[in-house]
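Colleague: There's a structure below that I have some questions on.
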Amino acid sequence: MSSPKTPGAMESDPERTPLLKPDSLRQKRQLSGVSVEPVALLHSFGWSLSGVMLTDQIMYQSCEPYAATVSMSIVLLTSVIPALMALGFGPWSDRYGRKPIIAFSLVGFLITDSLIACLSYLSTFYSISPWCYVLANIPVSVLGGYAVLNLGIFSVMNDITNEANRTVRMGILQGFIMCGVVGGLLVSSFLGNFLSVSTMFCISALATIVSLIYLYLGTEESVNWKTDSLEGVQCNDFFNLDLLRQMLTTLTQRRPNRERPIMWLLMAIGALIEFASSGRVLFFLYTRQEFNLDAQSYSLWLSAELSFIMLGNMFGISFLKKIFKCSDIGLMAISTVNHIGDFVIKGMSTAGWQLYLASALTPFKGIETATIRSIISNILPSEETAKMYALDVSIQAVTPIGAVFFFTFLYQKTLKYAPATYLYATAGVFGINLVLVGFTHALLKTREQKMETTVCS
């Protein structure tokens with residue numbers, strides 16, 4: 001087992017070790033109540049506003065099977081490359097800060113939105129190949145995409161919170177993201193009938209510009225970095241294999257009190273959540289066949305669904321913790337049970353209004369991300385948390401790739417006689433997760449008991 005570093009050893013190597021902001025500044029930010037939440041809100045609003053429009057634009061310029069191939073290519077491009085980039089950005093941000101990697105990803109979104117806006121405008125005059133939209137997504141991919149953006153904003157939230165308020169603040173952050181998505185969906189459904197695709201992507205780009213301005217002016221850096229570092233050295237550090245080895249060591253090194261298997265279980269739970277959630281891309285097809293929902297009706301239900309999740313994140317976590325004294329692992333179990341119930345109810349539904357009932361009865365199914373990352377940050381030293389977040393978001397970014405093929409195959413095979421099969425299969429995946437949550441709970445209890453024994457002795 002590697003021996004832990006003493007404070008003196010850590011201070012003796014300022015070139016390699018990041019310094020968190022002093023406690024007084026951290027407390028000042030906590031009291032303000034707002035950090036990166038507006039950045040997440042603006043970005044999710046812009047992404048939700050233009051995401052549906054891109055699919056429609058691709059389908060407008062090609063046949064449906066061809067459009068599916070193009071759309072799948074975009075998914076692969078924006079999943080695999082950002083997952084790899086996150087592996088480098090994680091340890092890099094430990095040394096040079098969280099704001100730069102958030103800015104990198106936002107600039108990627110800005111460039112991609114601008115390119116798609118131009119392509120959409122040109123398509124009204126010229127014949128544009130749908131594959132051009134795949135090329136337009138290269139900037140957002142190489143600059144990190146959603147994986148690096150989530151890594152940055154959740155790392156900031158980890159830096160500026162403590163064990164007492166971390167889960168609540170991360171839940172509120174998730175709520176802001178959901179709020180942006182709901183707002184984008186509602187605005188898109190209204191403005192889509194009046195504005196062109198290019199205009200919608202210009203609005204999305206404008207939202208990204210505003211988020212960049214707020215990031216620069218309204219968000220403090222949560223990690224100190226040396227101002228006299230050369231830019232070339234900083235860039236070279238991104239490709240530093242030693243930093244990547246440190247990140248893998250964070251995952252594999254032996255740790256006291258069962259902390260290593262706890263981390264592995266938490267990452268497996270997060271990956272299974274992403275795997276199961278990937279089937280949601282088929283739900284519109286399912287509702288159109290079973291309940292005859294058109295795009296407008298489906299968007300209305302989806303807005304209601306996300307609104308319930310938003311409320312569950314922003315207020316449900318605080319309510320369950322303060323009133324019922326739920327632990328983080330207890331919240332995770334509640335969320336998993338909500339997921340199981342949600343998909344079972346949807347599978348058994350025979351009318352569209354029952355989908356709203358399923359959403360209303362399961363508002364806590366979106367709180368597991370906050371709890372997983374809160375537990376990770378509570379058991380790891382602060383200098384290792386971003387490395388683990390990087391691995392976590394990388395795994396979650398690539399997991400949906402295989403899941404989409406699996407659920408699509410299952411749905412197509414059972415479409416004629418039992419189309420709800422894939423919904424029950426999804427509930428089964430969350431059933432596996434519930435078992436893993438139970439194992440994690442047992443290990444956390446053992447860890448707590450060992451720590452109490454150590455303190456007493």
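Following the order of the structure tokens, first chain is A, next is B, and so on, with residues numbered from 1 inside each chain and ligands from 1 in the order they appear.
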Do a neighbour search on A:Asn338 at 9 Å with only C-alpha atoms, toss out local chain neighbours closer than 4 positions, and write the hits as a list in words.

Modeller: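 Here the qualifying residues turn out to be Ala333, Ile334, Asp342, Phe343, Leu361, Thr362, Pro363, Phe364, Lys365 and Gly366 of chain A.
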
Colleague: Would you pick out the contacts of A:Asp294 at 9 Å or less, using only C-alpha atoms, so that residues sharing its chain but fewer than 6 positions from it are not included, and give the list as a list in words?

Modeller: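 Contacts, with the query itself left out: Phe284, Thr287 and Arg288 of chain A.
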
Colleague: Which one is closest to A:Thr408: A:Leu436, A:Ile323, A:Leu423, A:Val429? Count only C-alpha atoms.

Modeller: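 Checking each candidate against A:Thr408, we get A:Leu423 as the closest.
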
Colleague: So that I can see what lies close to A:Gly152, please list as JSON, numbers by chain the residues with an atom at most 7 Å from it, counting only C-alpha atoms and leaving out residues fewer than 2 positions away in the same chain.

Modeller: {"A": [98, 101, 102, 148, 149, 150, 154, 155, 156]}

Colleague: Can you tell me which residues surround A:Ser318 at a distance of at most 10 Å, considering only C-alpha atoms, apart from same-chain residues fewer than 2 positions away, and format the answer as a list in words?

Modeller: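 The residues that qualify are Asn165, Thr167, Val168, Arg169, Gly171, Ile172, Gly312, Asn313, Met314, Phe315, Gly316, Leu320, Lys321, Lys322, Ile323, Phe324, Lys325 and Cys326 of chain A.
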
Colleague: Could those selected residues go to a file with C-alpha atoms, as a compact mmCIF listing (two decimals), in the first residue's frame?

Modeller:
```
# COMPACT_ATOMS: atom_id res chain seq x y z
CA ASN A 165 -23.62 20.48 1.60
CA THR A 167 -24.86 16.44 -2.35
CA VAL A 168 -27.46 19.21 -2.10
CA ARG A 169 -25.38 21.64 -4.21
CA GLY A 171 -28.41 18.18 -6.93
CA ILE A 172 -29.20 21.86 -7.44
CA GLY A 312 -36.54 16.26 -7.55
CA ASN A 313 -32.93 17.42 -7.92
CA MET A 314 -33.35 20.99 -6.73
CA PHE A 315 -35.66 20.37 -3.78
CA GLY A 316 -36.05 16.61 -3.32
CA LEU A 320 -35.02 13.88 1.97
CA LYS A 321 -31.81 14.78 3.76
CA LYS A 322 -33.29 17.27 6.20
CA ILE A 323 -36.63 15.64 6.95
CA PHE A 324 -35.82 11.94 6.68
CA LYS A 325 -32.04 12.19 7.33
CA CYS A 326 -31.27 10.12 4.23
```

Colleague: Write down as a ChimeraX atom specification the residues belonging to stretch 52-176 of chain A that are assigned helix (DSSP H, G or I) by DSSP computed on the backbone.

Modeller: /A:52-60,64-96,99-122,131-136,138-142,145-159,166-176

Colleague: Tell me which of A:Leu110, A:Ala390, A:Val437, A:Val70 sits closest to A:Thr250, counting only C-alpha atoms.

Modeller: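 Of A:Leu110, A:Ala390, A:Val437, A:Val70, the one nearest A:Thr250 is A:Ala390, counting only C-alpha atoms.
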
Colleague: Give the answer as one residue: which of A:Phe201, A:Ser382, A:Ala271, A:Ser79 has the shortest atom-to-atom distance to A:Leu119, using only C-alpha atoms?

Modeller: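 Answer, going by the shortest atom-to-atom distance: A:Phe201.
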
Colleague: Taking only C-alpha atoms into account, name the residue in A:Met72, A:Ile128, A:Ile432, A:Val398 that is nearest to A:Tyr146.

Modeller: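 Nearest to A:Tyr146: A:Val398.
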
Colleague: Any idea what's packed within 10 Å of A:Gly279, counting only C-alpha atoms, ignoring anything in its chain fewer than 4 positions away? Could you give it as number ranges by chain?

Modeller: A: 274-275, 283, 400, 403-408, 411, 422-423, 425-426

Colleague: Measuring between only C-alpha atoms, which one of A:Leu444, A:Leu151, A:Leu41, A:Leu215 shows the shortest distance to A:Ser93?

Modeller: A:Leu151

Colleague: One decimal, in Å: what's the spacing between atom CA of A:Asn433 and atom CA of A:Gly270?

Modeller: 8.9 Å

Colleague: Near A:Pro419, within 9 Å and counting only C-alpha atoms, which residues show up once chain neighbours fewer than 4 positions away are dropped, as a list in words?

Modeller: Tyr286, Glu290, Gly347, Leu410, Tyr411, Gln412, Lys413, Thr414, Leu415 and Leu423 of chain A

Colleague: Could you work out how far atom CA of A:Ala386 lies from atom CA of A:Ser335, giving the answer in Å with one decimal?

Modeller: 24.2 Å

Colleague: Can you tell me how far atom CA of A:Pro38 sits from atom CA of A:Arg373, in Å to one decimal?

Modeller: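 Taking atom CA of A:Pro38 as the start and atom CA of A:Arg373 as the end point, the length is 20.0 Å.
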
Colleague: Residues within 12 Å of A:Thr199, please, as a count of residues only. Count only C-alpha atoms; anything in the same chain fewer than 3 positions from it doesn't count.

Modeller: 24

Colleague: So, with only C-alpha atoms as the atoms that count, which of A:Ile401, A:Val142, A:Ala103, A:Cys132 lies closest to A:Ser277?

Modeller: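 Selected residue with least distance to A:Ser277: A:Ile401.
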